[in-house]
>>> print(open('upload_14.cif').read())   # mmCIF, C-alpha atoms
data_final
#
loop_
_atom_site.group_PDB
_atom_site.id
_atom_site.type_symbol
_atom_site.label_atom_id
_atom_site.label_comp_id
_atom_site.auth_asym_id
_atom_site.auth_seq_id
_atom_site.Cartn_x
_atom_site.Cartn_y
_atom_site.Cartn_z
ATOM 1 C CA MET A 1 -9.887 -11.499 2.292
ATOM 2 C CA GLY A 2 -6.840 -12.556 0.392
ATOM 3 C CA SER A 3 -3.235 -12.712 1.357
ATOM 4 C CA ALA A 4 -0.384 -10.359 0.682
ATOM 5 C CA THR A 5 0.580 -12.618 -2.181
ATOM 6 C CA GLY A 6 -2.958 -12.660 -3.417
ATOM 7 C CA GLY A 7 -5.839 -10.408 -2.537
ATOM 8 C CA SER A 8 -9.185 -10.021 -0.883
ATOM 9 C CA SER A 9 -11.478 -12.895 -1.456
ATOM 10 C CA GLY A 10 -14.736 -14.701 -1.021
ATOM 11 C CA GLY A 11 -13.310 -15.594 2.387
ATOM 12 C CA LEU A 12 -15.021 -12.503 3.835
ATOM 13 C CA VAL A 13 -18.167 -13.569 5.678
ATOM 14 C CA PHE A 14 -20.613 -12.381 8.250
ATOM 15 C CA ALA A 15 -22.542 -14.516 10.670
ATOM 16 C CA GLY A 16 -24.869 -13.908 13.575
ATOM 17 C CA GLU A 17 -28.004 -11.802 13.141
ATOM 18 C CA LEU A 18 -28.362 -12.231 9.399
ATOM 19 C CA PRO A 19 -30.697 -11.262 6.617
ATOM 20 C CA THR A 20 -32.618 -14.243 5.270
ATOM 21 C CA ALA A 21 -32.392 -13.572 1.533
ATOM 22 C CA LYS A 22 -30.378 -15.967 -0.628
ATOM 23 C CA PHE A 23 -28.210 -13.071 -1.816
ATOM 24 C CA TYR A 24 -27.295 -9.760 -0.213
ATOM 25 C CA THR A 25 -25.549 -6.654 -1.579
ATOM 26 C CA ASN A 26 -23.950 -4.297 0.915
ATOM 27 C CA SER A 27 -23.288 -0.559 0.809
ATOM 28 C CA ILE A 28 -19.905 -0.832 -0.956
ATOM 29 C CA GLY A 29 -21.266 -3.094 -3.678
ATOM 30 C CA MET A 30 -20.107 -6.447 -2.337
ATOM 31 C CA LYS A 31 -22.454 -9.286 -3.276
ATOM 32 C CA LEU A 32 -22.751 -12.109 -0.758
ATOM 33 C CA ALA A 33 -24.469 -15.496 -0.890
ATOM 34 C CA ARG A 34 -26.182 -17.225 2.034
ATOM 35 C CA ILE A 35 -24.617 -20.601 2.803
ATOM 36 C CA LYS A 36 -26.798 -23.104 4.645
ATOM 37 C CA PRO A 37 -25.512 -25.284 7.495
ATOM 38 C CA GLY A 38 -24.375 -28.784 6.661
ATOM 39 C CA HIS A 39 -21.758 -31.492 6.989
ATOM 40 C CA PHE A 40 -18.794 -32.337 4.796
ATOM 41 C CA GLU A 41 -15.559 -34.285 4.744
ATOM 42 C CA MET A 42 -12.681 -31.839 4.925
ATOM 43 C CA GLY A 43 -9.391 -32.594 3.184
ATOM 44 C CA PHE A 44 -8.382 -35.644 1.169
ATOM 45 C CA GLY A 45 -7.311 -39.154 2.059
ATOM 46 C CA THR A 46 -3.915 -40.152 0.675
ATOM 47 C CA LYS A 47 -5.567 -42.866 -1.409
ATOM 48 C CA ARG A 48 -7.700 -40.260 -3.171
ATOM 49 C CA LEU A 49 -5.254 -37.377 -3.369
ATOM 50 C CA PRO A 50 -3.949 -37.097 -6.948
ATOM 51 C CA GLU A 51 -0.309 -38.176 -7.246
ATOM 52 C CA GLU A 52 0.756 -34.857 -8.750
ATOM 53 C CA LEU A 53 -0.398 -33.080 -5.581
ATOM 54 C CA ILE A 54 1.348 -35.477 -3.217
ATOM 55 C CA THR A 55 4.642 -35.015 -5.056
ATOM 56 C CA LYS A 56 4.430 -31.248 -4.514
ATOM 57 C CA LYS A 57 5.801 -31.909 -1.037
ATOM 58 C CA THR A 58 9.283 -31.811 -2.485
ATOM 59 C CA GLN A 59 8.595 -28.431 -4.090
ATOM 60 C CA PHE A 60 6.513 -26.426 -1.634
ATOM 61 C CA PRO A 61 6.555 -26.461 2.182
ATOM 62 C CA ASP A 62 2.805 -25.888 2.512
ATOM 63 C CA GLY A 63 1.234 -27.273 -0.651
ATOM 64 C CA ASP A 64 -1.759 -29.498 -1.314
ATOM 65 C CA PHE A 65 -0.034 -32.627 -0.030
ATOM 66 C CA ASP A 66 -0.919 -31.636 3.549
ATOM 67 C CA GLU A 67 -4.694 -31.824 3.032
ATOM 68 C CA HIS A 68 -5.020 -35.165 4.800
ATOM 69 C CA PRO A 69 -6.172 -37.097 6.695
ATOM 70 C CA THR A 70 -9.806 -36.343 6.023
ATOM 71 C CA HIS A 71 -12.131 -35.520 8.868
ATOM 72 C CA LYS A 72 -15.827 -34.783 9.170
ATOM 73 C CA VAL A 73 -16.801 -31.182 9.853
ATOM 74 C CA SER A 74 -20.199 -29.728 10.735
ATOM 75 C CA ILE A 75 -21.156 -26.175 9.821
ATOM 76 C CA SER A 76 -23.838 -25.545 12.417
ATOM 77 C CA LYS A 77 -25.029 -22.064 11.460
ATOM 78 C CA PRO A 78 -25.724 -20.272 8.171
ATOM 79 C CA PHE A 79 -23.338 -17.561 7.025
ATOM 80 C CA TYR A 80 -22.876 -15.200 4.109
ATOM 81 C CA ILE A 81 -19.756 -15.257 1.967
ATOM 82 C CA GLY A 82 -18.599 -12.964 -0.819
ATOM 83 C CA ILE A 83 -19.622 -14.153 -4.279
ATOM 84 C CA PHE A 84 -16.586 -12.363 -5.701
ATOM 85 C CA GLU A 85 -13.193 -11.498 -4.279
ATOM 86 C CA VAL A 86 -12.990 -8.031 -2.752
ATOM 87 C CA THR A 87 -11.924 -5.606 -5.468
ATOM 88 C CA ASN A 88 -9.506 -2.696 -5.463
ATOM 89 C CA ALA A 89 -12.363 -0.198 -5.552
ATOM 90 C CA GLN A 90 -14.163 -1.832 -2.625
ATOM 91 C CA TYR A 91 -11.081 -2.170 -0.430
ATOM 92 C CA GLU A 92 -9.986 1.389 -1.143
ATOM 93 C CA ARG A 93 -13.227 2.689 0.337
ATOM 94 C CA PHE A 94 -11.593 1.570 3.590
ATOM 95 C CA ASP A 95 -7.963 2.405 2.746
ATOM 96 C CA PRO A 96 -7.589 4.985 -0.061
ATOM 97 C CA THR A 97 -3.782 4.928 0.311
ATOM 98 C CA HIS A 98 -3.742 1.376 -1.028
ATOM 99 C CA LYS A 99 -4.256 2.730 -4.548
ATOM 100 C CA LYS A 100 -0.538 3.475 -4.887
ATOM 101 C CA LEU A 101 0.163 -0.274 -4.719
ATOM 102 C CA ARG A 102 -1.895 -1.140 -7.761
ATOM 103 C CA GLY A 103 0.101 -2.951 -10.416
ATOM 104 C CA ARG A 104 3.401 -3.137 -8.539
ATOM 105 C CA ASN A 105 5.175 -4.511 -5.516
ATOM 106 C CA PRO A 106 4.815 -2.392 -2.393
ATOM 107 C CA PRO A 107 7.890 -0.369 -1.424
ATOM 108 C CA PRO A 108 10.432 -1.777 1.063
ATOM 109 C CA PRO A 109 10.344 -3.132 3.670
ATOM 110 C CA VAL A 110 7.015 -4.763 2.748
ATOM 111 C CA ARG A 111 8.062 -6.488 -0.449
ATOM 112 C CA TRP A 112 7.843 -10.260 0.190
ATOM 113 C CA GLY A 113 10.139 -10.940 -2.777
ATOM 114 C CA LEU A 114 7.258 -11.186 -5.212
ATOM 115 C CA ARG A 115 6.840 -10.406 -8.863
ATOM 116 C CA PRO A 116 4.931 -7.191 -9.630
ATOM 117 C CA ALA A 117 1.207 -7.613 -9.196
ATOM 118 C CA ASP A 118 -1.152 -7.424 -12.140
ATOM 119 C CA SER A 119 -4.075 -6.001 -10.183
ATOM 120 C CA LYS A 120 -4.623 -2.506 -11.552
ATOM 121 C CA ALA A 121 -8.278 -1.925 -12.415
ATOM 122 C CA ASP A 122 -11.122 -1.084 -10.044
ATOM 123 C CA ASP A 123 -12.777 -4.474 -10.614
ATOM 124 C CA GLU A 124 -9.667 -6.605 -10.137
ATOM 125 C CA ALA A 125 -9.073 -8.483 -6.883
ATOM 126 C CA VAL A 126 -7.157 -6.390 -4.376
ATOM 127 C CA VAL A 127 -3.660 -7.654 -3.524
ATOM 128 C CA PHE A 128 -0.966 -6.807 -0.949
ATOM 129 C CA VAL A 129 -3.395 -7.060 1.943
ATOM 130 C CA SER A 130 -1.950 -8.577 5.124
ATOM 131 C CA TRP A 131 -3.994 -10.667 7.553
ATOM 132 C CA ASN A 132 -4.084 -7.709 9.948
ATOM 133 C CA ASP A 133 -5.220 -5.424 7.116
ATOM 134 C CA ALA A 134 -8.002 -7.891 6.336
ATOM 135 C CA GLU A 135 -9.061 -7.980 9.981
ATOM 136 C CA ARG A 136 -9.188 -4.169 10.105
ATOM 137 C CA PHE A 137 -11.226 -4.086 6.905
ATOM 138 C CA CYS A 138 -13.721 -6.496 8.475
ATOM 139 C CA ARG A 139 -14.005 -4.354 11.613
ATOM 140 C CA TRP A 140 -14.493 -1.209 9.513
ATOM 141 C CA LEU A 141 -17.177 -2.900 7.441
ATOM 142 C CA SER A 142 -18.889 -4.249 10.567
ATOM 143 C CA GLU A 143 -19.183 -0.745 11.998
ATOM 144 C CA LYS A 144 -20.300 0.708 8.685
ATOM 145 C CA GLU A 145 -22.948 -1.961 8.027
ATOM 146 C CA ASN A 146 -23.894 -2.813 11.617
ATOM 147 C CA LEU A 147 -23.384 -6.468 10.723
ATOM 148 C CA PRO A 148 -20.779 -8.887 12.147
ATOM 149 C CA TYR A 149 -18.286 -9.209 9.287
ATOM 150 C CA ARG A 150 -15.187 -11.372 9.759
ATOM 151 C CA LEU A 151 -12.847 -13.602 7.806
ATOM 152 C CA GLY A 152 -14.180 -17.067 7.157
ATOM 153 C CA THR A 153 -12.603 -20.041 8.904
ATOM 154 C CA GLU A 154 -10.707 -22.592 6.835
ATOM 155 C CA ALA A 155 -13.584 -25.040 7.343
ATOM 156 C CA GLU A 156 -16.184 -22.502 6.195
ATOM 157 C CA TRP A 157 -14.061 -21.620 3.179
ATOM 158 C CA GLU A 158 -13.584 -25.247 2.097
ATOM 159 C CA TYR A 159 -17.264 -26.032 2.693
ATOM 160 C CA ALA A 160 -18.288 -23.090 0.499
ATOM 161 C CA CYS A 161 -15.630 -23.882 -2.105
ATOM 162 C CA ARG A 162 -16.658 -27.523 -2.413
ATOM 163 C CA ALA A 163 -20.338 -26.607 -2.766
ATOM 164 C CA GLY A 164 -21.384 -30.190 -2.128
ATOM 165 C CA THR A 165 -18.678 -31.859 -4.218
ATOM 166 C CA THR A 166 -16.265 -34.524 -2.961
ATOM 167 C CA THR A 167 -13.647 -34.246 -5.697
ATOM 168 C CA CYS A 168 -10.249 -32.567 -5.570
ATOM 169 C CA TYR A 169 -11.697 -29.321 -6.952
ATOM 170 C CA HIS A 170 -15.290 -28.180 -7.305
ATOM 171 C CA THR A 171 -14.691 -28.679 -11.046
ATOM 172 C CA GLY A 172 -13.748 -32.355 -10.559
ATOM 173 C CA ASP A 173 -10.362 -33.992 -10.043
ATOM 174 C CA ILE A 174 -8.800 -31.795 -12.728
ATOM 175 C CA LEU A 175 -8.689 -28.001 -12.662
ATOM 176 C CA PRO A 176 -9.510 -26.593 -16.119
ATOM 177 C CA GLU A 177 -6.759 -24.610 -17.830
ATOM 178 C CA GLU A 178 -8.712 -21.360 -17.595
ATOM 179 C CA PHE A 179 -8.235 -21.413 -13.805
ATOM 180 C CA HIS A 180 -4.432 -21.613 -14.040
ATOM 181 C CA LYS A 181 -2.642 -18.291 -13.608
ATOM 182 C CA ASN A 182 0.304 -19.142 -11.338
ATOM 183 C CA GLY A 183 1.747 -15.641 -11.124
ATOM 184 C CA ARG A 184 1.845 -15.148 -14.868
ATOM 185 C CA GLY A 185 1.231 -11.731 -16.371
ATOM 186 C CA VAL A 186 -2.551 -11.948 -16.460
ATOM 187 C CA SER A 187 -5.315 -9.729 -15.167
ATOM 188 C CA LEU A 188 -7.030 -10.417 -11.865
ATOM 189 C CA HIS A 189 -10.554 -9.354 -12.850
ATOM 190 C CA VAL A 190 -13.079 -11.104 -10.630
ATOM 191 C CA GLY A 191 -15.745 -13.474 -11.893
ATOM 192 C CA LYS A 192 -14.121 -14.399 -15.210
ATOM 193 C CA THR A 193 -14.075 -18.166 -14.623
ATOM 194 C CA PRO A 194 -17.195 -20.313 -14.077
ATOM 195 C CA PRO A 195 -18.693 -20.271 -10.556
ATOM 196 C CA ASN A 196 -19.198 -23.330 -8.401
ATOM 197 C CA ALA A 197 -22.604 -24.908 -7.808
ATOM 198 C CA TRP A 198 -23.413 -22.362 -5.085
ATOM 199 C CA GLY A 199 -22.677 -19.390 -7.319
ATOM 200 C CA LEU A 200 -19.264 -18.456 -5.873
ATOM 201 C CA TYR A 201 -16.518 -17.267 -8.214
ATOM 202 C CA ASP A 202 -12.716 -17.577 -8.054
ATOM 203 C CA MET A 203 -12.662 -20.159 -5.275
ATOM 204 C CA HIS A 204 -9.914 -21.693 -7.403
ATOM 205 C CA GLY A 205 -7.397 -19.494 -9.190
ATOM 206 C CA ASN A 206 -7.044 -15.712 -9.345
ATOM 207 C CA VAL A 207 -5.668 -14.785 -5.867
ATOM 208 C CA GLU A 208 -5.120 -16.470 -2.518
ATOM 209 C CA GLU A 209 -7.473 -16.026 0.424
ATOM 210 C CA TRP A 210 -6.937 -15.277 4.084
ATOM 211 C CA CYS A 211 -8.847 -17.309 6.671
ATOM 212 C CA GLN A 212 -9.668 -16.329 10.225
ATOM 213 C CA ASP A 213 -7.945 -19.262 11.895
ATOM 214 C CA TRP A 214 -4.334 -20.417 11.749
ATOM 215 C CA TYR A 215 -2.522 -22.782 9.418
ATOM 216 C CA GLY A 216 -1.686 -26.216 10.803
ATOM 217 C CA PRO A 217 -1.511 -29.870 9.788
ATOM 218 C CA TYR A 218 -4.714 -31.884 9.744
#
>>> encode(input="upload_14.cif", output="structure tokens")
Amino acid sequence: MGSATGGSSGGLVFAGELPTAKFYTNSIGMKLARIKPGHFEMGFGTKRLPEELITKKTQFPDGDFDEHPTHKVSISKPFYIGIFEVTNAQYERFDPTHKKLRGRNPPPPVRWGLRPADSKADDEAVVFVSWNDAERFCRWLSEKENLPYRLGTEAEWEYACRAGTTTCYHTGDILPEEFHKNGRGVSLHVGKTPPNAWGLYDMHGNVEEWCQDWYGPY
């Protein structure tokens, strides 16, 4: 699920007693991909982190500069993760009242000081979803599907995002221009940029994602 500044995302996973198919489509139309266990190096060493990301430390309190030091992580069990970010239509099966927030900031006091959102259509990524909202959505979906849905951990998300790559982005050390949105007045339709090697869309760009665990320095 995505953050209040972003939306629901490919960060939604389920693990435990799983189907075995490579892909799975649930009852609300979410398509999920099966991710195999494996090992990867999480984060970036300062010698490899592009200079333009390191210098962001003076601009943002929690930017890419904090993705070091690297450390080895093992994903011991398979899990499924959303191929696309959760859309307005899918999320509103759980919370129909959310529809009034499409295309605008939510009313006070939940405003966050953001620009109006551009997510309006059924197939655009849902935005203005808090971490608690995302957790409730997962619980609702778990009961509905009789499967253990939850938010992905940061390690699971990065493992799935990297899809076997070791570069800054799954596209290489440079993020193509088509992935750059940065709050500009653009649509948030899912799946409009190329997927990574494991078939996951919008792991870069579009909206931010919530993870199950907390934020902290490496």
>>> closest_residue(input="upload_14.cif", among="A:Tyr149, A:Tyr91, A:Tyr201, A:Trp131", to="Gly29 (chain A)", atoms="all atoms listed in the file")
A:Tyr91
>>> atom_distance(input="upload_14.cif", atom1="CA of Glu145 (chain A)", atom2="CA of Phe94 (chain A)")
12.7 Å
>>> resolve_selection(input="upload_14.cif", expression="the PyMOL selection byres ((chain A and resi 154-171) around 7)", output="ChimeraX atom specification")
/A:11,40,152-153,172-175,196-198,203,211,213
>>> closest_residue(input="upload_14.cif", among="A:Asp95, A:Arg136, A:Ser187, A:Phe84", to="Glu209 (chain A)", atoms="all atoms listed in the file")
A:Phe84
>>> closest_residue(input="upload_14.cif", among="A:Ala21, A:His189, A:His180, A:Thr97", to="Glu124 (chain A)", atoms="only C-alpha atoms")
A:His189
>>> residues_around(input="upload_14.cif", residues="Glu41 (chain A)", least_positions_apart="5", cutoff="8 Å", atoms="all atoms listed in the file", output="PyMOL selection string")
chain A and resi 70-73+166
>>> atom_distance(input="upload_14.cif", atom1="CA of Pro195 (chain A)", atom2="CA of Phe79 (chain A)")
18.4 Å
>>> decode(input="upload_14.cif", residues="region 140-217 of chain A", atoms="C-alpha atoms", output="CSV table (one decimal), in the first residue's frame")
chain,number,residue,atom,x,y,z
A,140,TRP,CA,-10.3,-6.8,5.2
A,141,LEU,CA,-8.7,-8.5,2.2
A,142,SER,CA,-7.4,-11.3,4.3
A,143,GLU,CA,-10.9,-12.1,5.7
A,144,LYS,CA,-12.4,-11.8,2.2
A,145,GLU,CA,-9.9,-14.0,0.5
A,146,ASN,CA,-9.0,-16.3,3.4
A,147,LEU,CA,-5.3,-15.6,2.6
A,148,PRO,CA,-2.8,-13.8,4.9
A,149,TYR,CA,-2.4,-10.4,3.2
A,150,ARG,CA,-0.2,-7.8,4.8
A,151,LEU,CA,2.1,-5.0,3.8
A,152,GLY,CA,5.5,-6.0,2.6
A,153,THR,CA,8.6,-5.3,4.7
A,154,GLU,CA,11.2,-2.8,3.4
A,155,ALA,CA,13.5,-5.7,2.7
A,156,GLU,CA,10.8,-7.6,0.7
A,157,TRP,CA,10.0,-4.4,-1.2
A,158,GLU,CA,13.6,-3.7,-2.2
A,159,TYR,CA,14.2,-7.3,-3.1
A,160,ALA,CA,11.2,-7.3,-5.4
A,161,CYS,CA,12.0,-3.9,-6.8
A,162,ARG,CA,15.6,-4.8,-7.6
A,163,ALA,CA,14.6,-8.0,-9.3
A,164,GLY,CA,18.1,-9.3,-9.3
A,165,THR,CA,19.8,-6.0,-10.2
A,166,THR,CA,22.6,-4.4,-8.2
A,167,THR,CA,22.4,-0.9,-9.7
A,168,CYS,CA,20.8,2.2,-8.2
A,169,TYR,CA,17.5,1.5,-9.9
A,170,HIS,CA,16.2,-1.6,-11.6
A,171,THR,CA,16.6,0.4,-14.8
A,172,GLY,CA,20.4,1.0,-14.1
A,173,ASP,CA,22.1,3.8,-12.4
A,174,ILE,CA,19.9,6.4,-14.1
A,175,LEU,CA,16.2,6.6,-13.9
A,176,PRO,CA,14.6,7.2,-17.3
A,177,GLU,CA,12.7,10.5,-17.7
A,178,GLU,CA,9.4,8.7,-18.2
A,179,PHE,CA,9.6,7.6,-14.5
A,180,HIS,CA,9.9,11.2,-13.2
A,181,LYS,CA,6.7,12.8,-12.0
A,182,ASN,CA,7.7,14.5,-8.8
A,183,GLY,CA,4.3,15.9,-7.9
A,184,ARG,CA,3.7,17.5,-11.3
A,185,GLY,CA,0.2,17.6,-12.8
A,186,VAL,CA,0.3,14.1,-14.3
A,187,SER,CA,-2.0,11.1,-14.2
A,188,LEU,CA,-1.3,8.2,-11.8
A,189,HIS,CA,-2.5,5.4,-14.1
A,190,VAL,CA,-0.8,2.2,-13.1
A,191,GLY,CA,1.4,0.2,-15.4
A,192,LYS,CA,2.3,3.0,-17.9
A,193,THR,CA,6.1,2.7,-17.4
A,194,PRO,CA,8.1,-0.5,-18.2
A,195,PRO,CA,8.1,-3.2,-15.6
A,196,ASN,CA,11.2,-4.6,-13.9
A,197,ALA,CA,12.6,-8.0,-14.8
A,198,TRP,CA,10.1,-9.8,-12.5
A,199,GLY,CA,7.1,-8.2,-14.2
A,200,LEU,CA,6.4,-5.6,-11.5
A,201,TYR,CA,5.2,-2.1,-12.5
A,202,ASP,CA,5.7,1.3,-10.8
A,203,MET,CA,8.4,0.2,-8.4
A,204,HIS,CA,9.9,3.5,-9.3
A,205,GLY,CA,7.8,6.6,-9.9
A,206,ASN,CA,4.0,7.1,-9.7
A,207,VAL,CA,3.2,7.0,-6.0
A,208,GLU,CA,5.0,6.1,-2.7
A,209,GLU,CA,4.6,2.8,-0.9
A,210,TRP,CA,3.9,1.9,2.7
A,211,CYS,CA,6.0,-0.9,4.2
A,212,GLN,CA,5.0,-3.1,7.2
A,213,ASP,CA,8.1,-2.2,9.3
A,214,TRP,CA,9.4,1.1,10.5
A,215,TYR,CA,11.7,3.6,9.0
A,216,GLY,CA,15.2,3.8,10.5
A,217,PRO,CA,18.9,4.2,9.5
